[in-house]
Amino acid sequence: MTSTETPAGAGLAARNPAPVRRHKYSRAERKLRRTGWLMITPALLHLALWTAIPVVATFALGFTNYNVFSPPQWVGLQNYVEIVQDPVFRKATWNTIVYTFWTVPVSMAIALVIAVALNQGLRFQKWYRTAFFLPQVTATVAIAMVWLWIFNPQQGLLNAFLGLFGIPGQAWLADPDWALWSVILVGAWQGIGIKMLIYIAALQNIDGSLYEAASVDGASTVRKFFAITVPMLKPATFFVLVISIINAFQVFDQIYVLTNGGPANATTMMTYEVYRSAFEEFRMGMASAQSVVLFIFLLFMTLVGRRATREDH
Amino acid sequence: MALLNPRTSTSPSATRTVRTTNQSSVRRRNKLILHLLLIIGSVTMVIPFVWMLFTSVKSPAELAQFPPTFFPQEWHWSNYAEALDAAPFDKYFRNSLIIATGHTLITLVIGSMAGYALARIRFRGREIIFLSMVAMLMIPTYTKIVPQFLIVKFMPLFGGNDITGQGGSGWLDSWWALLIPGGLSAMSIFLFRQFYLTLPKELEEAARLDGLGEFRIFAQIYTPLMKPAVATVALLTFQESWNNFLWPLLVTTSDDLRVIQVGLAVFQQVEATAWQYLMAGTTLATVPMVLLFVMAQKYFIQGFTNSGIK
């Protein structure tokens, strides 16, 4: 995993094999090791308290009933049984999958096309890049607030725009048939930037001579795209896929602002159910169990993603 | 570059010249199509921001019109002053700024030290620590959030809690809860490690021979060499902190500690119809990030390119 480094000062020791020097060297190395630990300890303590312990605690709390005010009670698998039977959580799981299924591949495909277009040395490409990345750097809550206004059935921009073409407007977020699609639109729109950036970085690493060789052989632009660009981008694609799935599964802010999970649970997500259980119903055990389910889904998706894009060795 | 630029070497033969002209006109057409595509895309990305800005200066009467106007008929910049009267967005803004700056400083100091140690110092347990850090990268926020909340609530000896963490509210509704738990992420340490790995070994060997302490090698030799990387991590941390919503929502209740994202959400729930004020607040929440990105774009993108995504 890490690089293979020789011990610090090994060259020195090799050049001076005398016992006195060696003694000095090993003291220096002990000191170095101590410094290493010293430098990493603050970070380790922080990660232990705010990441490692919470993760273990989440798994443990998942087997309990706990409302914060009285001590946790061990209930075994009861929470998980309830999760499986709960139609709302099942709906939330399905919504999360649908949301991920549409936002991730759609914005990945768009991001790839844009990245290739922005890799042609066009004029103004810096401006284009800024525009595409803008939604990514701004807060999801603020973005969602703007979209809430855009989706407004009477005064919103979207219905006014559709009206120009004679297309009847919708009550986007209030309509159970449209609400999830509206949320997906916002997610896909916001997610393009980061994927595009990673693709641009990866494209710049592709050896230009590959394209030249293909041109000499008379390959068309489209052919070159599928025969060179796409395969060469496989590692980047895996990276983008994994972080996008992880992000999409954790969609929360725009749900909170846009729909509160409604109408009639049409847009509730796994994360939103975790939030509801923990901080509206104070069922910490149930919330933990739900977040364990979310975690297992993520782990599974990551492994599938790794398999799908693994490089052939 | 290469994709749409077939070799166009000038050639003495007449037929070749004709083909080259043909190709260059095709190329021009392709470029035009690309520009068109990119313009449509860019406009789609930017329009919501323009709409936000325009809405924030419209009068209530104009906002009530049907069909809605796109360009404001009159620019009521006073909306911003009125929005500040309706909700203390300036205070929210200040709180967000303090927290984002605090998170960035903590990350830069603690995260860079840890990243350096992981990349350049061999010590026992390093591999295990690195692997567990990679595992932590995979942990979603929601698999930690409930216990994190409980740790904050039961923090011993704070907020009226006794030594066992009972009896009070701990760090809830305090700066501690806003500043400490989010101050460091496994991701930033990972990025720092990747950056420090890219620097040449000879430097540290020479420095160690000169008898320089490891701390000085870290602080005075290596870190100044990777200013763009430091800028990248700082930028990412600042942005994530400024945009964070769930955690401040959970751990704060008083208006004095509200960050701007939470302030916006609360304002929207209370005054659902005052769109001009809401959009003024949203503009305030958006502008710092947009400015920061536009100004520091070079570092941002350079850093992404160098962060070992290969």
# chains A, B, ... in the order shown; residues from 1 in each chain; ligands from 1
>>> residues_around(residues="Val287 in chain B", least_positions_apart="6", cutoff="12 Å", atoms="only C-alpha atoms", output="PyMOL selection string")
(chain A and resi 134-135+137-139+142-143) or (chain B and resi 49-50+52-53+93+239+242-243+279-281+293-294)
>>> interface_residues(of="chain B", to="chain A", cutoff="6 Å", atoms="only C-alpha atoms", output="number ranges by chain")
B: 1, 42, 45, 68, 110, 113-114, 117, 121, 123, 142-144, 147-148, 243, 282, 286, 289, 305
>>> select_by_dssp(residues="range 94-301 of chain B", states="helix (DSSP H, G or I)", output="NGL selection string")
:B and (94-120 or 126-137 or 141-143 or 145-153 or 175-179 or 181-183 or 186-197 or 201-209 or 214-225 or 227-243 or 246-251 or 255-257 or 260-270 or 275-301)
>>> select_by_dssp(residues="range 49-253 of chain A", states="strand (DSSP E)", output="PyMOL selection string")
chain A and resi 64-65+73-74
>>> write_last_selection(atoms="N, CA, C and O atoms", output="mmCIF file, in the first residue's frame")
data_model
loop_
_atom_site.group_PDB
_atom_site.id
_atom_site.type_symbol
_atom_site.label_atom_id
_atom_site.label_comp_id
_atom_site.auth_asym_id
_atom_site.auth_seq_id
_atom_site.Cartn_x
_atom_site.Cartn_y
_atom_site.Cartn_z
ATOM 1 N N THR A 64 -30.098 -1.987 20.464
ATOM 2 C CA THR A 64 -30.726 -1.521 21.702
ATOM 3 C C THR A 64 -31.917 -0.622 21.419
ATOM 4 O O THR A 64 -32.118 -0.155 20.303
ATOM 5 N N ASN A 65 -32.686 -0.424 22.473
ATOM 6 C CA ASN A 65 -33.682 0.629 22.506
ATOM 7 C C ASN A 65 -33.104 1.730 23.363
ATOM 8 O O ASN A 65 -32.716 1.483 24.503
ATOM 9 N N GLN A 73 -31.516 -0.307 26.392
ATOM 10 C CA GLN A 73 -31.966 -1.673 26.677
ATOM 11 C C GLN A 73 -31.610 -2.559 25.507
ATOM 12 O O GLN A 73 -31.900 -2.219 24.353
ATOM 13 N N TRP A 74 -31.049 -3.720 25.806
ATOM 14 C CA TRP A 74 -30.675 -4.671 24.767
ATOM 15 C C TRP A 74 -31.925 -5.305 24.188
ATOM 16 O O TRP A 74 -32.736 -5.857 24.913
#
>>> closest_residue(among="B:Ala274, B:Leu235, B:Leu118, B:Val259", to="Leu291 in chain B", atoms="only C-alpha atoms")
B:Leu235
>>> atom_distance(atom1="CA of Asn244 in chain B", atom2="CA of Arg258 in chain B")
11.8 Å
>>> closest_residue(among="B:Leu150, B:Ser112, B:Val251, B:Leu236", to="Ala296 in chain B", atoms="only C-alpha atoms")
B:Leu236
>>> residues_around(residues="Phe238 in chain A", least_positions_apart="3", cutoff="12 Å", atoms="only C-alpha atoms", output="PyMOL selection string")
(chain A and resi 105+108+195+198-199+202+230-235+241-245+301-311) or (chain B and resi 309-310)
